[in-house]
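Worksheet: one structure, shown below.
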Amino acid sequence: MKGSSLTLHPEEEQLLRYIDGELPTRASSEVRSHLESCWQCRAALEELQNVVSQCVHYRKSVLQRHLPTPPAPWVDIHRQFDEIDASVEPVLFNRILRLLKSPFDTATKKWAVAAAALLVLLGIFYRYRQTPSVHASELLRQAVVSANTHPKRPRRIQIRTRDRRLIRPAVGSQKAAFGAADATALNSLQAMFERANYSWNDPLSAQSFQAWRNQLTDKRDEVSEEQQDYRIETRTDSSDLRHATLTLRTADLRPVEEHLEFSNQEWVEITEVGDDSAPSLSAIAAEKNERPPAGKVKPPVAEVPQAVTARGRPASVAEELQVLAALHDMGADLGDPVEVSRSGSEVLVSGVGIAPARQEEIKNAIGSNAHVVVHFSDSPAAAAPAQPAAPNPTPTGGDVRQLQSRLAEQLGGRANLDQLAAQVLDSSESLMARAYALRRLAEQFPLAVERELSVSDRQLLQRMRGEHLAALRQQATGIARDLQPVLASINGDAGTAPDTGIPLESWQLATENLFQSARRLDKLLGVMFGAAPSEIPPWQISAQLKTSLAQLRAASDSYERSNK
Amino acid sequence: MSSYPLGEELAGVVQKRRAAMTLQDQVAQLFEEARDDVFRYLLNLGLYPPQAQEAAQEVFLRLYTALKKGEEIQNPRGWIFRVAHNLGLRIRARESSQAPFDPDLESRLAGPAMDPEQNLLEREQTLRFHQAVQRLSEQQRRCLMLRLEGLRYPEIGSVLGISASAVGEFLRRAISRLKKDEL
């Protein structure tokens with residue numbers, strides 16, 4: 001029976017992975033041999049296959065047949081390819097060069113020069129438009145030209161460091177308007193910039209970036225094209241400034257943002273403030289003591305000893321934690337859209353389907369570290385991860401159907417049952433989101449890694465866990481309360497909490513227990529309301545649900561103990 | 001000057017052209033096979049048909065450019081959908097003031113002149129399944145659509161910017177909900 005020996009039968013996800021060929025070889029052969037011996041799982045597999053077939057049928061009979069057809073005939077793609085070939089292959093260009101070299105009359109030459117210039121322009125346009133791999137130096141040169149040709153207006157920049165946020169005019173290094181503490185910070189920043197030979201006078205400019213870059217004996221560039229801007233990233237080992245990223249607005253190549261990371265592991269983020277309107281000095285003075293809003297204040301990052309490698313130092317666990325904490329504080333660590341991973345020198349924050357405003361919030365909260373790379377696939381339609389509509393509980397089998405009829409009767413009608421199902425399944429989804437978040441934390445911060453964190457970082461991690469746990473408990477209580485009328489009237493186990501008895505030594509270990517309990521509950525709820533198939537005899541579902549709720553309570557208790 | 005070097009040069013040109021033809025043919029073949037799928041995928045992202053068609057074409061041109069530049073692309077189909085997805089979202093973001101395209105499949109499916117060959121029961125089933133698909137969460141639906149296009153979990157993950165294991169979980173939830181709604 002699945003309820004008592006969950007581990008023996010493959011879970012539905014495993015079965016799906018199995019038929020999709022996504023299981024590792026060993027797991028796959030285990031599932032295969034299990035399927036050979038287990039009729040129940042074979043039936044479950046068949047049900048999965050049925051849904052898969054229906055999806056395929058849906059694609060064919062609905063999507064292919066009823067979505068609009070292309071409004072125009074498709075282009076002759078070969079011709080387009082030829083055009084690409086022509087612009088990539090410098091045949092024409094060479095021909096014109098040859099013309100230039102040949103002893104023609106000056107009129108022809110003039111035309112040839114004009115044509116060559118046009119070709120170069122077209123080439124640049126094409127490269128800018130089509131490929132993100134524009135050379136950093138070329139782009140910087142263009143940006144410098146653009147800056148020199150546009151009228152200069154006074155503008156302000158915001159300088160952010162680990163623990164400070166200052167606003168000053170973009171050009172100039174006066175500190176008169178700042179208080180003593182900020183002036184000290186500015187002094188040490190200035191010293192840092194000077195050591196790196198990077199202009200402190202005008203830090204957010206293509207020219208300064210270019211000047212710094214030109215003096216490097218070794219450098220690695222990367223140029224990427226974002227939605228509305230280009231990003232030039234240069235890494236080096238030959239300067240105190242190890243890693244600099246300059247963001248240029250595509251429209252006019254104006255520098256709007258800069259991340260600088262120094263060899264002493266300090267980082268500085270410089271952004272343009274406001275638009276072109278000239279700020280008054282009083283406005284600057286008024287903002288001189290601006291601090292990040294309380295919710296976004298980040299505790300100092302732990303100094304994890306990391307060797308500075310030739311390819312830039314690896315991103316630290318503490319940095320990953322800071323990112324997670326920032327996401328957590330805005331509730332972005334729940335559910336689908338945002339993922340955080342650490343690889344090499346980067347903490348990668350990725351997500352899809354996040355509303356632009358939310359993206360900004362997230363970027364503001366986390367994007368100020370040069371090691372953090374934020375990558376969003378934009379989707380204006382999704383302000384929040386779309387919640388599935390209220391489930392429409394339909395029984396999966398005769399027995400469950402009977403159970404549901406009985407439930408409906410008890411609740412005073414099918415509509416009430418539907419409502420209860422929607423409510424409980426939603427709560428369960430929220431509960432699972434917390435369980436997943438807790439499990440992610442346990443995976444990302446195993447004991448050995450956690451030990452490397454500073455005391456304040458460990459406290460931060462603990463706070464996040466505490467908040468997830470509290471929310472999980474709240475959902476569980478809500479589910480128990482919602483189910484009370486149903487569970488109370490069905491005979492079964494009184495729901496005594498099985499005493500786990502085992503003192504769990506770490507929260508990491510307690511997490512798995514908690515996660516599995518949450519998952520079991522989620523599954524049983526799915527079965528009860530017809531959202532998932534099961535081999536559990538229907539008359540046992542309610543009893544098992546009671547037990548499961550009690551188990552979850554016990555698991556969250558012991559998690560709480562381990563979290564102290 | 002003998003004509004020898006010229007002959008060599010010509011042979012080189014012919015060879016190059018032949019290689020170019022092969023690449024062109026390969027991408028053109030893929031274009032023939034997959035353009036409608038990409039077009040429909042873009043419609044589902046909310047692009048209007050003319051935009052979707054233009055974007056679909058652009059995707060294949062980018063594929064050709066990338067291959068020509070010597071980029072190694074393991075699975076062109078996965079690549080195409082990834083690029084189409086990003087391009088589609090960009091277009092949508094640019095035109096966010098406009099409501100996303102809604103093909104209103106529901107009324108098409110419910111409409112009387114849908115398909116004379118289908119009997120009433122089948123039609124109801126199709127409509128119900130469609131409604132069930134619409135009820136999936138956005139991520140679940142996207143995973144499902146990409147899986148239907150033949151992408152593997154890691155490829156879907158790279159399109160959507162999530163991990164392969166998250167794809168597995170979304171797909172399980174999607175299938176699970178569809179099964180429940182359908183039975």
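Residues in the structure tokens are numbered from 1 in each chain, the chains being A, B, ... in the order shown, and ligands are numbered from 1 in the order shown.
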
Could you please select, counting only C-alpha atoms, the residues of chain B within 7 Å of chain A and state them as number ranges by chain?
B: 24, 28, 49-50, 53, 61, 86, 89-90, 92-93, 96, 103, 105, 135-138, 148, 160-162, 168-169, 172, 175-177, 179-181, 183

Secondary structure check, alpha helix (DSSP H) residues of range 10-140 of chain B, as JSON, numbers by chain
{"B": [10, 11, 12, 13, 14, 15, 16, 17, 18, 19, 20, 21, 22, 23, 24, 25, 26, 27, 28, 29, 30, 31, 32, 33, 34, 35, 36, 37, 38, 39, 40, 41, 42, 43, 44, 49, 50, 51, 52, 53, 54, 55, 56, 57, 58, 59, 60, 61, 62, 63, 64, 65, 66, 67, 68, 76, 77, 78, 79, 80, 81, 82, 83, 84, 85, 86, 87, 88, 89, 90, 91, 92, 93, 94, 105, 106, 107, 108, 109, 110, 120, 121, 122, 123, 124, 125, 126, 127, 128, 129, 130, 131, 132, 133, 134, 135, 138, 139, 140]}

Residue neighbourhood range 43-47 of chain B, 7 Å, only C-alpha atoms, exclusion window fewer than 6 positions, as a short mmCIF file (atom, residue, chain, number, x, y, z; two decimals) with C-alpha atoms, in the first residue's frame:
data_model
loop_
_atom_site.label_atom_id
_atom_site.label_comp_id
_atom_site.auth_asym_id
_atom_site.auth_seq_id
_atom_site.Cartn_x
_atom_site.Cartn_y
_atom_site.Cartn_z
CA GLY B 88 8.66 36.85 -27.97
CA ARG B 92 5.62 41.68 -25.63
CA PRO B 100 -1.68 40.26 -25.37
CA PHE B 101 -3.16 38.45 -28.32
CA ASP B 102 -6.00 36.18 -27.33
#

Exercise: Leu246 in chain A partners within 8 Å, only C-alpha atoms, chain neighbours under 6 positions left out, as an mmCIF file with C-alpha atoms, in the first residue's frame:
data_model
loop_
_atom_site.group_PDB
_atom_site.id
_atom_site.type_symbol
_atom_site.label_atom_id
_atom_site.label_comp_id
_atom_site.auth_asym_id
_atom_site.auth_seq_id
_atom_site.Cartn_x
_atom_site.Cartn_y
_atom_site.Cartn_z
ATOM 1 C CA ALA A 206 32.532 55.519 -21.061
ATOM 2 C CA PHE A 209 35.971 53.005 -18.313
ATOM 3 C CA ARG A 231 26.658 45.583 -21.006
ATOM 4 C CA ILE A 232 30.413 45.607 -21.205
ATOM 5 C CA GLU A 233 32.133 43.430 -18.698
ATOM 6 C CA PRO A 255 26.300 54.988 -19.386
ATOM 7 C CA VAL A 256 23.545 54.371 -16.893
ATOM 8 C CA GLU A 257 24.988 51.848 -14.503
ATOM 9 C CA GLU A 258 28.310 50.492 -13.393
ATOM 10 C CA HIS A 259 29.432 47.691 -11.104
#
